[in-house]
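Heads up: the structure comes next, in structure tokens.
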Amino acid sequence: MKKFFLLTLFIPLIYHCGFAQKPDVPFGAARSFYQQRLDDQEAVYFTPDKYPIKADGKTDVSDALQQAIKDLKDKNNFGVLFIPEGKYLISKTIFVPRAIRLIGYGKNRPVIILAKKSPGFQVADTTDKGNAKYMFWFVNNISKPGEEVSDAGASTFYSALSNINLKIEDGNPVAVALRTHYAQHSFIAHADIDAGKGKAGMFDVGNEMEDVRFFNGDYGILTTKPSPGWQFMMVDTYFEGQRKAAISTQEAGLTIVRMHVKNVPTVIEIHPNYHEKLLVEDSRFDHVTGPAVIISNEDNAFNQISLRNVDCRDVKVLASYRRSKTTTAGGGAIYKVKNFIYGLQMDNLKTDPVYKTIKEIQPLSAFPPPAKKDIPDFPAIGTWANLQTLGAKGDGETDDTKAIQDAIDKYLAIYVPSGKYRITETLKLKPNTVLIGLNPIATQILLKDNTQAFGGFGGPVPMIETSKGGSNIVTGIGLSSGRINPRAVACKWMAGENSYLNDVKFLGGHGGMNKPGEQTGPGLYKGNDSDMWDTQYWSLWITDGGGGTFKNIWSANTYATAGAYVSNTSTPGRIYALSVEHHVRNEVRFNQVSNWKVYALQLEEESRESTECQPLELENCADMTFANLYMFRVIRVNKPYPYSIRSWNNKNVELLNVHNYSQIKYTTTDPLYDIGTNVTVRPWEFTRLVINSATTTSEQPAQGNVQKLASGFEFANSLCTDSKGNAYFSEARMRRIYKWDVNTKTISLPADYPWEPLSLACDKNDNLLVVFKYVPKPGYLIDGKPEIFNNPPDAGGTSFSGWGNSGFGSLVYSVNTDKPDESIKLLKKEAMPTDKTIYQALYPAHRWRDFHDFNTVSVNKATECWVAPDGVTIIPAVYDLARSSTLVAAYPGKPVYTTDEYDKRTVQLNVSADGYLSDLKYFAERGEFDSAVDAKGNVYIADGQVYEYDSAGKQIGVIKVPERPTSLAFSTDGKTLYVTGHNALYSVAID
């Protein structure tokens, strides 16, 4: 003990550079981040005294390493496996389950080597998603022998590999060093990866990475969409010598800051027929023989390309485009890409969205040095005082407040081993205090319910409070404010521009984990847990001049008012990968904030907690950038919400690469409402918008030929018309079907049944056909057997079929609308007709196929259908009827138009005499829920507004309607277009 105190007292605070290594340093020469062993009683150490291993690079340690990982998982369910300096040879895949972190230590980083010609690494596995074999595969759980591998996914949290180098030896052509499809608080950091003659350094990215260098391989990174469809944050990375491309990607949401790429044919290639939301900033492209960026899906709103402050040397072609086969040239031998922004853009709140390219390239006389990094260096590891050595228990029961505060008062750098550290008062950090944990689920600072200092009425009381203007670092720690502490703020951050908050989880609600056999007690409160939601202050409060760098943070405490609140600061701030979810009223608020850049902010609304939650609010802010902003409502949400961002009195706030989405029709209605100017922004997906809301104006009026017929609805959609010109539509959640009578000009409610209507259509004899959701009731038997509905095979291409959307049937009933209550009749499912010509086949007007199989599923030949009372109208039985909210009539011999909702694309198909679809062709790079065709063959597409195209696919007009259109239908004479918005029914006179 005395020896330790002397060490920490007399070793000076020498700060070392362990983050962004010099790019020209060869593989394996980058400095070790953890240069000494750290003591943690809960950790497992991969050492010869515990396992039969030799770190000589010759002895195969595969089985021992897998056993060490299993030992840690079995022991604690989460935590750290420490691997000391040395060379470790493996010859098989090592599986790393959820919440396990592999951390190397020593004067040099440990190196794990895949042996030459390891078994199975020579021939591509065509059944594997990546057609590869992996050195390390991050999984949700370790599968038993013979079981399918449980790949990491949306619930794989807290996994990591840090301060370990990986190398693939020759004779392993399909080898990939890492497979990392994990979610929040998972990362790769401080690692060199040499893929050699193998396939790639990494397959399927997840969450974030920092200070990772990729050498050789066909690719540095080969990736599909992260789990569960969010952005991927890269900070301070390096790529060199890849044979095909540094990064090959689709839908990864690549958010890249300070990347250096050298000696490659291509920096980033986007896979054919896929989109990417790409943000590259403060980076360097050096000697790129082909196009730096290869772009697919041109002029599609999902495709969002933003490059800023990218220095290029010997890069002749900046971008190439797959479909048009055109290119964008560079700017000479050496140049700076100040701005290259490609996609759907709005220069201000009042301009219409247009597809365009902003290209600002500046020739240079010399190649600039790398951009200065903004992640501060840590104190030398020899100065880190161990909190448990200083007296803190970390047992979750002992009051550790005094021990922790005493440590803060005496030492600048404090290492916090695994444990739960209970406090009862605010911990106040000194100007240079550094708190270091290594896993935020294993290392927690917590409050018990009804802790006196945090209860009762009063202003916010922080658990941790930084010094004003300080250079504090807090990393790798979970903060739990309990359920019943109404004054609690988990962290009040007033530290300055050079401070750093990283890898911190704000616990409460989602993402918790227990040790084996450990039960979470009910606490003192015995009522419904939801009664305590939204009863505390904010989890993270950055205020009073606070700033700095905030990275890899997950704030999902449902008991808090908001996940993050930033107020009253002009100190520069940077956010890298902030995930805020599951709050009741607010996710994130910015109030009187300027000079901030927010990268990869991800907001998610859950069904129970967040159906009425405001994702993002911006008030009195200036000179801010939000890049790769994702706003998501989960598949279980069944109620609309008006807007994702509320904005007022903001100046020069720029949004780059915005993704506003859901697998269901209840996507937030509009991405932004600016209160000051009374303007609503309609596009769900766009590349750029600049907000300046200093003046008040009226919202842009609808066109004069748009007439409101009826209003007061929650979510009107499913429009169809009969031969008399009457219009029908539904309110699905409220289970209501309405009729607009063209003669009396009145609205009526012909059907108000207990069956949830999904979509509507009329047959040739004006019978109303209703596709509805039928949920079997528990205990109900037919001939002694329960009703069972299994998803058809085509459900496999959409995530909508999972996460609770199974076990019900999409059925069809018909009614005569003159006497609906007496005429309701369930239609029987029959074989598809083969011996007669039908009048019309009714298909889903839009399909959400996020496994990217829309093109093939749309032309599948159904084997069964429902036949309408007219005998010549059929509804082919396809799974997407369960997801779609409108139907499209396919008439034999005429083209039909349907929407690939996932890719925002409308396609044209041919219709056979028996109702099958074929010959799919891309028609327009727009689309949401519905389209309609007039008598001239012009196609009207609902996508924020109503866009008019001629039959050749050229846009010829736009109809601006007062609210986002959800469905369209023409009257029989073709002179009236009916439009439903969320709240009203409109008619539009068509010339």
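Residue names in the structure tokens use chain letters A, B, ... in the order shown, residue numbers from 1 in each chain, and ligand numbers from 1 in the order shown.
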
Fewer than 6 positions away in the same chain doesn't count, so skip those; otherwise give me all residues within 12 Å of Lys144 (chain A), counting only C-alpha atoms, as a PDB file with C-alpha atoms, in the first residue's frame.
```pdb
ATOM      1  CA  LYS A  70     -16.141 -18.363 -21.566  1.00  0.00           C
ATOM      2  CA  PHE A  95     -16.255 -16.001 -30.484  1.00  0.00           C
ATOM      3  CA  SER A 150     -25.739 -16.249 -32.714  1.00  0.00           C
TER       4      SER A 150
END
```

Could you give me, as a ChimeraX atom specification, the residues within 9 Å of Asp766 (chain A), counting only C-alpha atoms and dropping anything in the same chain fewer than 5 positions from it?
/A:721-724,761,816-817,870

Can those selected residues be exported to a file as an mmCIF file, in the first residue's frame so that it contains C-alpha atoms?
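That gives us again27.cif:
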```
data_model
loop_
_atom_site.group_PDB
_atom_site.id
_atom_site.type_symbol
_atom_site.label_atom_id
_atom_site.label_comp_id
_atom_site.auth_asym_id
_atom_site.auth_seq_id
_atom_site.Cartn_x
_atom_site.Cartn_y
_atom_site.Cartn_z
ATOM 1 C CA THR A 721 -62.948 5.065 -55.075
ATOM 2 C CA ASP A 722 -65.977 3.314 -56.523
ATOM 3 C CA SER A 723 -67.561 3.647 -59.968
ATOM 4 C CA LYS A 724 -69.865 6.445 -58.755
ATOM 5 C CA ALA A 761 -60.358 -1.348 -52.483
ATOM 6 C CA ASN A 816 -72.055 -3.579 -49.420
ATOM 7 C CA THR A 817 -71.678 0.005 -48.224
ATOM 8 C CA ASP A 870 -67.790 -9.737 -58.388
#
```

Across A:Ala935, A:Leu222, A:Val257, A:Ala189, the smallest distance to Met202 (chain A), with only C-alpha atoms counted, is shown by A:Leu222

Of A:Val354, A:Leu968, A:Ile53, A:Met259, the one nearest to Asp299 (chain A) when counting only C-alpha atoms is A:Val354

- Query: If you count only C-alpha atoms, which residues fall within 9 Å of Tyr158 (chain A), apart from same-chain ones fewer than 3 positions away, as number ranges by chain?
  - Reply: A: 78-79, 98-101, 182-187, 439-441

*asked:* Residues within 9 Å of region 905-919 of chain A, please, as JSON, numbers by chain. Count only C-alpha atoms; anything in the same chain fewer than 5 positions from it doesn't count.
replied: {"A": [300, 832, 833, 834, 835, 836, 837, 838, 839, 840, 841, 842, 846, 858, 859, 860, 861, 862, 874, 876, 890, 891, 892, 893, 894, 895, 896, 897, 898, 899, 900, 924, 925, 926, 927, 928, 931, 941]}

* Counting only C-alpha atoms, which of A:Lys75, A:Lys515, A:Arg37, A:Lys936 gets nearest to Lys975 (chain A)? ->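 Ranking A:Lys75, A:Lys515, A:Arg37, A:Lys936 by distance to Lys975 (chain A), first place goes to A:Lys936.
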
Extract, using only C-alpha atoms, all DNA, RNA and protein residues at most 9 Å from region 668-685 of chain A, discarding same-chain residues fewer than 5 positions from it, and format them as a count of residues only.
44

I need the residues of region 261-400 of chain A that end up classed as strand (DSSP E) by DSSP on the backbone, written out as a PyMOL selection string. chain A and resi 261-264+268-270+277-288+293-295+304-315+317-321+327-329+334-346+354-363+385-386+395-399

Tell me which of A:Leu811, A:Ile358, A:Ile90, A:Met234 sits closest to Leu769 (chain A), counting only C-alpha atoms.
->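 Smallest distance to Leu769 (chain A) is found for A:Leu811.
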
Note to self: List the spatial neighbours of Glu42 (chain A) as a list of chain:residue names - criterion: any atom at most 10 Å away, only C-alpha atoms, same-chain residues fewer than 2 positions off excluded.
What the structure shows: A:Asp39, A:Asp40, A:Val44, A:Tyr45, A:Leu72, A:Lys75, A:Asn76, A:Phe78, A:Gly79, A:Val80, A:Leu81, A:Pro417, A:Ser418, A:Gly419, A:Ala442

* **Distance query Asn568 (chain A) at most 9 Å, only C-alpha atoms, self and fewer than 6 positions along chain excluded, as a list of chain:residue names** =>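 Near Asn568 (chain A), the qualifying residues are A:Ile542, A:Thr543, A:Asp544, A:Gly545, A:Gly546, A:Phe590, A:Asn591, A:Gln592, A:Val593, A:Ser594.
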
Atoms kept (C-alpha atoms) for selection, written as a short mmCIF file (atom, residue, chain, number, x, y, z; two decimals), in the first residue's frame:
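File written: again-v8.cif
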```
data_model
loop_
_atom_site.label_atom_id
_atom_site.label_comp_id
_atom_site.auth_asym_id
_atom_site.auth_seq_id
_atom_site.Cartn_x
_atom_site.Cartn_y
_atom_site.Cartn_z
CA ILE A 542 -23.91 20.14 -20.50
CA THR A 543 -24.21 23.77 -19.47
CA ASP A 544 -22.61 27.00 -18.26
CA GLY A 545 -19.87 27.08 -20.88
CA GLY A 546 -19.44 23.32 -21.02
CA PHE A 590 -30.18 22.16 -27.33
CA ASN A 591 -30.94 25.59 -25.87
CA GLN A 592 -28.72 28.65 -26.48
CA VAL A 593 -25.87 26.59 -27.89
CA SER A 594 -23.34 27.58 -30.56
#
```

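In this structure, CA of Asp56 (chain A) sits 17.2 Å away from CA of Phe82 (chain A).
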
Practice problem: Write down as a ChimeraX atom specification the residues belonging to region 750-888 of chain A that are assigned helix (DSSP H, G or I) by DSSP computed on the backbone. | Solution: /A:793-797,799-801,820-823,854-857,879-882

Residues from last step as file, C-alpha atoms, as a short mmCIF file (atom, residue, chain, number, x, y, z; two decimals), in the first residue's frame:
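The resulting again01.cif:
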```cif
data_model
loop_
_atom_site.label_atom_id
_atom_site.label_comp_id
_atom_site.auth_asym_id
_atom_site.auth_seq_id
_atom_site.Cartn_x
_atom_site.Cartn_y
_atom_site.Cartn_z
CA PRO A 793 -42.25 -17.60 -47.00
CA ASP A 794 -42.05 -14.09 -48.48
CA ALA A 795 -42.12 -12.66 -44.93
CA GLY A 796 -38.43 -13.48 -44.70
CA GLY A 797 -37.28 -10.38 -46.59
CA SER A 799 -37.85 -7.02 -40.60
CA PHE A 800 -41.53 -6.10 -40.16
CA SER A 801 -42.27 -9.81 -39.88
CA PRO A 820 -72.62 -2.75 -44.37
CA ASP A 821 -73.67 -4.22 -41.02
CA GLU A 822 -75.88 -6.80 -42.68
CA SER A 823 -73.52 -7.63 -45.56
CA PHE A 854 -38.22 -5.89 -53.42
CA ASN A 855 -37.38 -6.52 -57.07
CA THR A 856 -37.74 -10.28 -56.77
CA VAL A 857 -40.66 -10.39 -54.31
CA TYR A 879 -47.11 -11.23 -46.78
CA ASP A 880 -46.75 -7.51 -47.54
CA LEU A 881 -50.51 -7.08 -47.17
CA ALA A 882 -49.77 -7.14 -43.43
#
```

Legend entry - Interatomic distance (Å, one decimal) between CA of Arg849 (chain A) and CA of Asn717 (chain A):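 The value is 20.5 Å.
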
Counting only C-alpha atoms, closest pick from A:Ser607, A:Thr466, A:Ser810, A:Ser951 relative to Ser885 (chain A) is A:Ser810

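Shortest separation to Asp409 (chain A) among A:Arg308, A:Arg422, A:Lys745, A:Lys430 occurs at residue A:Lys430, atoms counted being only C-alpha atoms.
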
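Note that CA of Gly981 (chain A) and CA of Asn805 (chain A) are 25.4 Å apart.
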